[in-house]
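Here is the file entry23.cif (mmCIF, C-alpha atoms and all ligand atoms).
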```cif
data_my_file
loop_
_atom_site.label_atom_id
_atom_site.label_comp_id
_atom_site.auth_asym_id
_atom_site.auth_seq_id
_atom_site.Cartn_x
_atom_site.Cartn_y
_atom_site.Cartn_z
CA MET A 1 0.00 0.00 0.00
CA ASP A 2 1.59 3.30 -0.98
CA TYR A 3 1.88 6.23 1.37
CA LYS A 4 -0.69 8.37 -0.49
CA LYS A 5 -3.26 5.59 -0.24
CA ILE A 6 -2.61 5.18 3.49
CA ILE A 7 -3.06 8.92 4.06
CA SER A 8 -6.14 9.19 1.84
CA THR A 9 -7.95 6.22 3.38
CA CYS A 10 -6.87 6.09 7.03
CA TYR A 11 -7.22 9.74 8.00
CA CYS A 12 -10.49 10.60 6.21
CA GLY A 13 -14.17 10.19 7.02
CA ASN A 14 -16.08 10.08 10.28
CA GLY A 15 -15.49 7.79 13.27
CA ALA A 16 -17.49 4.92 11.72
CA ASP A 17 -15.65 5.19 8.37
CA LYS A 18 -12.31 5.08 10.17
CA LEU A 19 -13.39 2.07 12.20
CA ASP A 20 -14.49 0.28 8.99
CA LYS A 21 -11.06 0.99 7.50
CA ALA A 22 -9.29 -0.27 10.65
CA ARG A 23 -11.34 -3.49 10.51
CA SER A 24 -10.53 -3.95 6.83
CA LEU A 25 -6.79 -3.54 7.55
CA LEU A 26 -7.14 -6.02 10.40
CA LYS A 27 -8.79 -8.54 8.07
CA SER A 28 -6.05 -8.19 5.44
CA TYR A 29 -2.98 -7.85 7.64
CA GLY A 30 -4.00 -8.60 11.26
CA ASP A 31 -2.12 -11.90 11.59
CA LEU A 32 1.02 -10.52 9.95
CA LEU A 33 0.93 -7.33 12.03
CA SER A 34 0.43 -9.31 15.25
CA GLY A 35 3.39 -11.50 14.36
CA GLU A 36 5.82 -8.61 13.76
CA ALA A 37 8.28 -8.58 16.66
CA ARG A 38 8.94 -4.81 16.55
CA ILE A 39 5.22 -4.03 16.50
CA LYS A 40 4.57 -6.38 19.42
CA GLU A 41 7.39 -4.75 21.40
CA GLN A 42 6.16 -1.24 20.63
CA LEU A 43 2.59 -2.14 21.59
CA ALA A 44 3.96 -3.23 24.99
CA VAL A 45 5.95 0.02 25.34
CA ALA A 46 2.85 2.10 24.51
CA ARG A 47 0.67 0.09 26.93
CA ALA A 48 3.22 0.68 29.71
CA ALA A 49 3.16 4.42 28.94
CA VAL A 50 -0.67 4.43 29.14
CA SER A 51 -0.47 2.72 32.50
CA LEU A 52 2.00 5.26 33.92
CA LEU A 53 -0.11 8.16 32.65
CA ASP A 54 -3.33 6.61 34.04
CA THR A 55 -1.73 6.16 37.45
CA HIS A 56 -0.72 9.81 37.53
CA MET A 57 -4.14 11.02 36.30
CA THR A 58 -5.82 8.95 39.01
CA ALA A 59 -3.48 10.42 41.64
CA MET A 60 -4.46 13.90 40.38
CA GLY A 61 -8.16 13.04 40.72
CA MET A 62 -8.78 13.78 37.05
CA GLY A 63 -11.38 11.04 36.77
CA LYS A 64 -13.54 12.74 39.39
CA THR A 65 -13.11 16.14 37.74
CA CYS A 66 -14.17 14.79 34.35
CA THR A 67 -17.12 12.83 35.77
CA ALA A 68 -18.41 15.96 37.51
CA CYS A 69 -17.91 17.98 34.33
CA ALA A 70 -19.61 15.43 32.08
CA ALA A 71 -22.63 15.29 34.41
CA ARG A 72 -23.29 19.02 33.99
CA PRO A 73 -25.59 20.34 31.25
CA GLY A 74 -23.46 20.73 28.13
CA GLY A 75 -21.29 17.78 29.16
CA GLY A 76 -17.54 17.43 29.05
CA CYS A 77 -15.07 17.94 26.23
CA CYS A 78 -15.56 14.66 24.30
CA SER A 79 -17.83 15.95 21.53
CA ALA A 80 -18.95 14.16 18.37
CA TYR A 81 -16.66 16.46 16.39
CA MET A 82 -13.65 15.24 18.40
CA GLY A 83 -14.52 11.61 17.80
CA HIS A 84 -14.88 12.09 14.05
CA GLU A 85 -12.00 14.48 13.38
CA ASN A 86 -9.24 13.55 15.79
CA ASN A 87 -9.24 9.79 15.36
CA ASP A 88 -7.76 7.90 12.44
CA ALA A 89 -7.94 4.30 11.23
CA LEU A 90 -4.34 3.50 12.27
CA LEU A 91 -4.96 4.64 15.85
CA LEU A 92 -8.13 2.51 15.97
CA LEU A 93 -6.18 -0.42 14.50
CA MET A 94 -3.52 -0.01 17.19
CA ASN A 95 -6.27 -0.21 19.82
CA ILE A 96 -7.72 -3.35 18.24
CA LEU A 97 -4.26 -4.97 18.00
CA THR A 98 -3.78 -4.44 21.72
CA GLY A 99 -7.10 -6.10 22.53
CA VAL A 100 -9.55 -3.20 22.84
CA ASP A 101 -13.05 -4.01 21.59
CA VAL A 102 -13.30 -0.87 19.48
CA ARG A 103 -16.87 -0.13 18.49
CA ILE A 104 -19.24 2.78 18.03
CA VAL A 105 -20.83 3.16 21.45
CA ARG A 106 -23.14 6.06 20.62
CA GLU A 107 -24.55 7.69 17.51
CA ASP A 108 -26.22 10.77 18.98
CA GLU A 109 -23.88 13.13 17.11
CA ILE A 110 -23.54 15.10 20.34
CA GLU A 111 -20.83 13.18 22.18
CA CYS A 112 -17.84 11.34 20.72
CA CYS A 113 -18.85 7.96 19.28
CA PHE A 114 -16.16 6.28 21.46
CA LEU A 115 -17.39 7.79 24.75
CA ALA A 116 -19.09 5.09 26.83
CA GLU A 117 -20.88 5.61 30.15
CA THR A 118 -17.62 4.71 31.88
CA GLY A 119 -15.49 7.04 29.76
CA CYS A 120 -13.43 6.72 26.60
CA ILE A 121 -13.19 3.12 25.39
CA LEU A 122 -9.86 3.70 23.61
CA LEU A 123 -6.59 2.73 25.28
CA PHE A 124 -4.56 4.73 22.76
CA LYS A 125 -6.26 8.10 22.34
CA PRO A 126 -5.88 10.78 19.65
CA ILE A 127 -3.10 13.36 20.07
CA PHE A 128 -5.55 16.20 20.61
CA CYS A 129 -7.40 14.31 23.37
CA LEU A 130 -4.15 13.49 25.18
CA ASN A 131 -2.86 17.05 24.91
CA TYR A 132 -6.09 18.73 25.97
CA LEU A 133 -5.67 20.49 29.28
CA CYS A 134 -8.86 22.30 30.23
CA SER A 135 -9.18 25.11 32.76
CA HIS A 136 -10.80 22.81 35.38
CA ILE A 137 -7.71 20.61 35.42
CA GLN A 138 -5.24 23.49 35.23
CA GLU A 139 -6.90 25.34 38.10
CA GLY A 140 -7.34 22.20 40.20
CA SER A 141 -3.72 21.01 39.97
CA ASN A 142 -0.37 22.21 41.21
CA GLU A 143 2.72 22.88 39.09
CA THR A 144 4.42 19.58 39.87
CA GLU A 145 1.31 17.59 38.96
CA LEU A 146 0.96 19.46 35.66
CA ARG A 147 4.64 19.08 34.80
CA LEU A 148 4.50 15.33 35.43
CA LEU A 149 1.29 15.11 33.43
CA GLU A 150 2.96 16.82 30.49
CA GLN A 151 6.02 14.58 30.75
CA LYS A 152 4.04 11.31 30.92
CA THR A 153 1.74 12.44 28.10
CA GLY A 154 4.82 13.21 25.98
CA VAL A 155 6.23 9.71 26.59
CA LEU A 156 2.92 8.14 25.54
CA LEU A 157 2.56 10.33 22.44
CA SER A 158 6.06 9.42 21.38
CA ALA A 159 5.36 5.68 21.90
CA GLN A 160 2.10 5.92 19.93
CA GLY A 161 3.85 7.87 17.16
CA GLN A 162 6.58 5.24 16.86
CA LEU A 163 3.96 2.49 16.73
CA GLU A 164 2.07 4.32 14.00
CA GLN A 165 5.28 4.70 11.96
CA LEU A 166 6.01 0.96 12.32
CA ILE A 167 2.52 0.13 11.04
CA ILE A 168 2.83 2.58 8.14
CA GLY A 169 6.23 1.04 7.28
CA PHE A 170 4.68 -2.44 7.41
CA LEU A 171 1.78 -1.42 5.12
CA GLN A 172 4.18 0.18 2.66
CA SER A 173 6.30 -2.99 2.62
CA GLN A 174 3.28 -5.01 1.48
CA ASP A 175 3.46 -3.32 -1.95
CA GLU A 176 7.13 -4.10 -2.53
S1 LIG B 201 -10.95 17.25 30.47
FE1 LIG B 201 -11.79 19.08 31.43
S2 LIG B 201 -13.48 19.74 30.07
FE2 LIG B 201 -12.99 17.61 29.60
S3 LIG B 201 -14.41 16.40 30.87
FE3 LIG B 201 -12.46 16.58 32.00
S4 LIG B 201 -12.78 18.33 33.33
FE4 LIG B 201 -14.33 18.45 31.74
S1 LIG B 202 -10.88 11.06 24.73
FE1 LIG B 202 -11.89 9.32 23.71
S2 LIG B 202 -14.09 9.71 24.02
FE2 LIG B 202 -13.01 11.67 24.34
S3 LIG B 202 -13.00 12.71 22.32
FE3 LIG B 202 -11.08 11.57 22.54
S4 LIG B 202 -11.53 9.61 21.53
FE4 LIG B 202 -13.48 10.53 21.99
#
```
If you took the structure in this file and wrote it as structure tokens, what would it be?
Ligand code: SF4
Ligand code: SF4
Amino acid sequence: MDYKKIISTCYCGNGADKLDKARSLLKSYGDLLSGEARIKEQLAVARAAVSLLDTHMTAMGMGKTCTACAARPGGGCCSAYMGHENNDALLLLMNILTGVDVRIVREDEIECCFLAETGCILLFKPIFCLNYLCSHIQEGSNETELRLLEQKTGVLLSAQGQLEQLIIGFLQSQDE
């Protein structure tokens, strides 16, 4: 698959289109991708980075802040626009490869289609979602907490980016 085709098919469409594309890639290349040693290793590195970030977010009480925010009229920050625009098929494929049951959990076109009652179903989240630091969190946290949050988010983004590049490289190699 050439680079232009990857870009034109994996990064376009709404959340459901991108999930269809991820499932189609899984059908064609899932076994090969799962058997690639470097991809397996990088999936483990990215999962470890998610775990470290989650632990820090829990220690900061971010879950409680977001739950309170989402319960208010107008909801939280996970809008339908975010779900459609910020995701891509490769990110969804990465989630599926690591065992997440990625599916459309709502179709109300108000909230993100990946936002379940218990929160985001994705283990690997879009860059924008990971980088988003709202005023509630900024005002409710101290400098050390925010600095650590930024550092752990950076480690995860880098791990996800490397994983994405490995998958793109793999897809490109299938044309050679
Ligand atoms: S990140 Fe901020 S705006 Fe989004 S749900 Fe949490 S508290 Fe609310
Ligand atoms: S964090 Fe998850 S649920 Fe929220 S907008 Fe991003 S992908 Fe959607």
Could you please determine the separation between atom CA of Arg106 of chain A and atom FE3 of ligand LIG 202 (chain B) in Å, to one decimal place?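 Result for atom CA of Arg106 of chain A versus atom FE3 of ligand LIG 202 (chain B): 13.4 Å, one decimal.
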Residue contacts of Asn14 of chain A (12 Å, all atoms listed in the file) excluding same-chain residues fewer than 5 positions away, as JSON, numbers by chain: {"A": [9, 19, 20, 21, 80, 81, 82, 83, 84, 85, 86, 87, 88, 89, 104, 107, 109, 112, 113, 114]}
Which of these, A:Met60, A:Cys10, A:Leu97, A:Ala22, has the shortest distance to Gly35 of chain A once you count all atoms listed in the file?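 Closest residue, counting all atoms listed in the file: A:Leu97.
Each of A:Leu123, A:Ala44, A:Leu156, A:Val100 was checked against ligand LIG 202 (chain B) using all atoms listed in the file; the smallest atom-to-atom distance is that of A:Leu123.
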One decimal, Å: what's the distance from atom CA of Leu146 of chain A over to atom CA of Asp54 of chain A, could you say?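 One can read the atom CA of Leu146 of chain A to atom CA of Asp54 of chain A distance as 13.6 Å.
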Of the listed residues A:Gly119, A:Gly169, A:Pro126, A:Gly161, that which approaches ligand LIG 201 (chain B) most closely, counting only C-alpha atoms and all ligand atoms: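 Nearest candidate to ligand LIG 201 (chain B) out of A:Gly119, A:Gly169, A:Pro126, A:Gly161: A:Gly119.
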Surrounding residues as a PDB file with C-alpha atoms, in the frame of the given file, ligand LIG 201 (chain B), max 6 Å, all atoms listed in the file:
```pdb
ATOM      1  CA  THR A  65     -13.110  16.140  37.740  1.00  0.00           C
ATOM      2  CA  CYS A  66     -14.170  14.790  34.350  1.00  0.00           C
ATOM      3  CA  CYS A  69     -17.910  17.980  34.330  1.00  0.00           C
ATOM      4  CA  ALA A  70     -19.610  15.430  32.080  1.00  0.00           C
ATOM      5  CA  GLY A  76     -17.540  17.430  29.050  1.00  0.00           C
ATOM      6  CA  CYS A  77     -15.070  17.940  26.230  1.00  0.00           C
ATOM      7  CA  CYS A 134      -8.860  22.300  30.230  1.00  0.00           C
ATOM      8  CA  HIS A 136     -10.800  22.810  35.380  1.00  0.00           C
ATOM      9  CA  ILE A 137      -7.710  20.610  35.420  1.00  0.00           C
TER      10      ILE A 137
END
```
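Nearest to His56 of chain A of all the residues A:Glu150, A:Glu36, A:Asp31, A:Glu143 is A:Glu150, counting all atoms listed in the file.
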